[in-house]
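A.B. asks: Have a look at the structure that comes next, please.
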Amino acid sequence: MPAIFPDFSAPTSASTSRALGILVCERDGNPPFAESSFIKRLSLIGAGSGLELFAFAPWSWEEQSNLVKGWVWNKQKQRWDAARYTLPAVVYDRSWPVNKDEKIRFQQAIQRLQEAKRITYLNNRMPHKGKIYEILSKDPSFQSILPPTAVYDGPSSLALWLSRHNYAAFLKPIAGSQGKRVVAVVRKEDGTVNIRGRQSDNRPLSINCVNEQAALRLLQRWIGQRAYLMQPLLDLRGPEGEPLDLRALMQKNNNGHWTLTGIAARCGMPGTVTSNLHGGGKASSAKEVLVSLFGELRGIELLQEIRRISFQLVNRLEETLGRFAEIGMDYGIDRSGRIWFLEANSKPGRAAMESVGKAAAKLAAEQPLSYARSILLRPPGRVIHEFDHL
């Protein structure tokens, strides 16, 4: 039966001490927000564990009544139903603004909520990639896994970067996600320059320029006023030469302890520069891929090393940024077997965990709610203290 979305009903009584709000960007259409399948799964898990859960857009908040328009999955009628709910004290951010206007609207609504009422994030918000690099680069234990990184500051900065890094560079938006608008730049021996990457809608991009100057002018128009980072073009390829990275999903359990849910390999489409699943990549067993590349002994050693590094990284990020419930860690491994940290994501997807196994896929969906439930169902007065000391 297709989902339908009736006008929301009279106020619903929801105990804010047992309610977890899922932050979304509500929009017209069927379904009314992104990631509806995942949020529906969360709703079903929450309903079976005594946790009240609803999705809401922050701009639906009414200050006088302290109510929001919340969406809940009606399992019996197989549809999303809307009703008014009391603003929850704790929220889980799964919002995906689709454009600049929606991003601004979302940010303004969140600021309004935070100024007038206290909302606490189950999963703290991750700063941009440049800030993450800055935090980690101050810790000597991470120096060997961080690629050299600099802020793009016009064509001259990229020309200098290319000359210092074998005339190849990887450029990515400082606040981008899902591999959108990234580009790899390679100057060939004949002086021509190849630019490959992803457009804003994730379609592949490939352009050949007659010389470096033409490429620099084109890239300046492409980047415009956006903030970008420059890194060396690392040799991160799978068995067939396809783009390859590894996603380690770190999540807290119901005791508030970090656990490694799983490590998956993400293999991109041949001829592209990213392995993101949103860009057509596929998830595979990390162990199988690494063993095929480096042999069984070294492949297993690399997985163990990524596990160790992941625990160190989440602890370091929490020390600096505050509490998180889950973080997706992305790594590359070059052909020499060296591990590189690529980025951290506080809104990680779940699809890659299917390749790890049924248990990992199940945990990937359940653990955020298990952690939330352990906090929200504690005796009254202890919800805020769970987060405040950080």
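Residue numbering restarts at 1 in every chain; chains get A, B, ... in the order shown in the structure tokens, and ligands count up from 1 in that same order.
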Compile the contact shell of Ile145 of chain A as an NGL selection string: residues with an atom at most 7 Å away, counting only C-alpha atoms, same-chain residues fewer than 5 positions apart removed.
C.D. replies: :A and (339-341)
A.B. asks: Near Ile135 of chain A, counting only C-alpha atoms, which residues have an atom at most 9 Å away, once you skip same-chain residues fewer than 4 positions from it, shown as a list in words?
C.D. replies: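 The residues satisfying every condition are Gly130, Lys131, Asp139, Arg316, Leu317 and Thr320 of chain A.
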A.B. asks: Counting only C-alpha atoms, what is within 9 Å of Ile110 of chain A, bar same-chain residues fewer than 4 positions away, as a ChimeraX atom specification?
C.D. replies: /A:58-59,105-106,114-115
A.B. asks: For those residues, write C-alpha atoms to a file as an mmCIF file, in the first residue's frame.
C.D. replies:
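Saved to selection.cif:
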```cif
data_model
loop_
_atom_site.group_PDB
_atom_site.id
_atom_site.type_symbol
_atom_site.label_atom_id
_atom_site.label_comp_id
_atom_site.auth_asym_id
_atom_site.auth_seq_id
_atom_site.Cartn_x
_atom_site.Cartn_y
_atom_site.Cartn_z
ATOM 1 C CA PRO A 58 12.995 22.033 13.278
ATOM 2 C CA TRP A 59 11.093 24.832 11.539
ATOM 3 C CA ARG A 105 16.347 27.421 6.654
ATOM 4 C CA PHE A 106 17.445 24.413 8.683
ATOM 5 C CA GLN A 114 18.829 26.439 20.767
ATOM 6 C CA GLU A 115 18.342 30.061 21.784
#
```
A.B. asks: If DSSP is run on the backbone, what residues of segment 150-305 of chain A are strand (DSSP E or B)? A reply as JSON, numbers by chain would be ideal.
C.D. replies: {"A": [150, 151, 168, 169, 170, 171, 172, 173, 183, 184, 185, 186, 187, 193, 194, 195, 196, 197, 198, 204, 205, 206, 207, 208, 209, 228, 229, 230, 231, 237, 243, 244, 245, 246, 247, 248, 249, 250, 251, 252, 258, 259, 260, 261, 262, 263, 264, 265, 266, 267, 282, 283, 284, 285]}
A.B. asks: Would you save the residues from that selection as a CSV table (one decimal), in the first residue's frame, using C-alpha atoms?
C.D. replies:
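Written file, out-v8.csv:
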```
chain,number,residue,atom,x,y,z
A,150,ALA,CA,46.1,22.6,2.5
A,151,VAL,CA,43.3,25.1,1.8
A,168,ALA,CA,48.6,15.4,-9.3
A,169,ALA,CA,46.1,16.6,-6.7
A,170,PHE,CA,42.8,15.7,-5.1
A,171,LEU,CA,40.4,18.5,-4.3
A,172,LYS,CA,37.4,18.2,-2.1
A,173,PRO,CA,34.8,20.7,-0.6
A,183,VAL,CA,38.0,16.4,-8.5
A,184,ALA,CA,41.3,14.6,-9.2
A,185,VAL,CA,43.8,16.7,-11.3
A,186,VAL,CA,46.7,15.0,-13.2
A,187,ARG,CA,49.2,16.7,-15.5
A,193,VAL,CA,45.8,18.0,-17.8
A,194,ASN,CA,43.0,15.5,-17.0
A,195,ILE,CA,40.3,16.5,-14.5
A,196,ARG,CA,38.0,13.7,-13.2
A,197,GLY,CA,35.5,13.9,-10.5
A,198,ARG,CA,31.8,14.2,-9.5
A,204,PRO,CA,30.8,11.6,-13.2
A,205,LEU,CA,32.9,14.4,-14.7
A,206,SER,CA,35.9,14.0,-17.0
A,207,ILE,CA,37.6,16.9,-18.9
A,208,ASN,CA,40.9,17.1,-20.7
A,209,CYS,CA,42.6,20.5,-20.9
A,228,TYR,CA,38.1,23.5,-0.8
A,229,LEU,CA,41.0,21.4,0.5
A,230,MET,CA,43.9,20.2,-1.6
A,231,GLN,CA,45.6,16.8,-0.9
A,237,ARG,CA,42.8,1.3,-5.9
A,243,PRO,CA,38.7,3.4,-6.5
A,244,LEU,CA,38.7,1.8,-3.0
A,245,ASP,CA,38.3,2.9,0.5
A,246,LEU,CA,37.2,1.3,3.8
A,247,ARG,CA,34.4,2.4,6.1
A,248,ALA,CA,34.7,1.6,9.8
A,249,LEU,CA,31.4,2.2,11.7
A,250,MET,CA,32.1,3.1,15.3
A,251,GLN,CA,29.0,3.2,17.6
A,252,LYS,CA,28.3,3.3,21.3
A,258,TRP,CA,32.5,2.6,21.9
A,259,THR,CA,32.3,-0.6,19.8
A,260,LEU,CA,33.3,-1.3,16.2
A,261,THR,CA,30.2,-2.4,14.4
A,262,GLY,CA,32.1,-3.4,11.3
A,263,ILE,CA,34.6,-2.5,8.5
A,264,ALA,CA,33.4,-2.6,4.9
A,265,ALA,CA,35.3,-2.1,1.6
A,266,ARG,CA,33.7,0.4,-0.8
A,267,CYS,CA,34.7,-0.1,-4.4
A,282,LYS,CA,29.5,-1.2,-4.2
A,283,ALA,CA,30.2,-2.5,-0.7
A,284,SER,CA,32.3,-5.7,-0.3
A,285,SER,CA,33.9,-7.7,2.5
```
A.B. asks: How many Å lie between atom CA of Glu354 of chain A and atom CA of Gly332 of chain A, rounded to one decimal?
C.D. replies: 19.9 Å
A.B. asks: Rank nothing, just name the residue among A:Ala82, A:Ser370, A:Ile300, A:Cys25 nearest to Asp101 of chain A, using only C-alpha atoms.
C.D. replies: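 Residue with the minimum atom-to-atom distance to Asp101 of chain A: A:Cys25.
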A.B. asks: Can you tell me how far atom CA of Tyr167 of chain A sits from atom CA of Gly154 of chain A, in Å to one decimal?
C.D. replies: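 Answer for the atom CA of Tyr167 of chain A to atom CA of Gly154 of chain A separation: 16.4 Å.
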A.B. asks: May I ask for the distance between atom CA of Gln107 of chain A and atom CA of Ala364 of chain A, given in Å to one decimal place?
C.D. replies: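 Interatomic distance, atom CA of Gln107 of chain A to atom CA of Ala364 of chain A: 27.2 Å.
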A.B. asks: When distances are computed from only C-alpha atoms, which of A:Glu326, A:Glu102, A:Glu26, A:Glu35 shows the smallest separation from Trp71 of chain A?
C.D. replies: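 Ranked by minimum distance to Trp71 of chain A, first place goes to A:Glu26.
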A.B. asks: Counting only C-alpha atoms, which residue out of A:Met269, A:Val182, A:Ala359, A:Ala214 sits closest to Gln199 of chain A?
C.D. replies: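 That would be A:Val182, the residue with the smallest distance to Gln199 of chain A.
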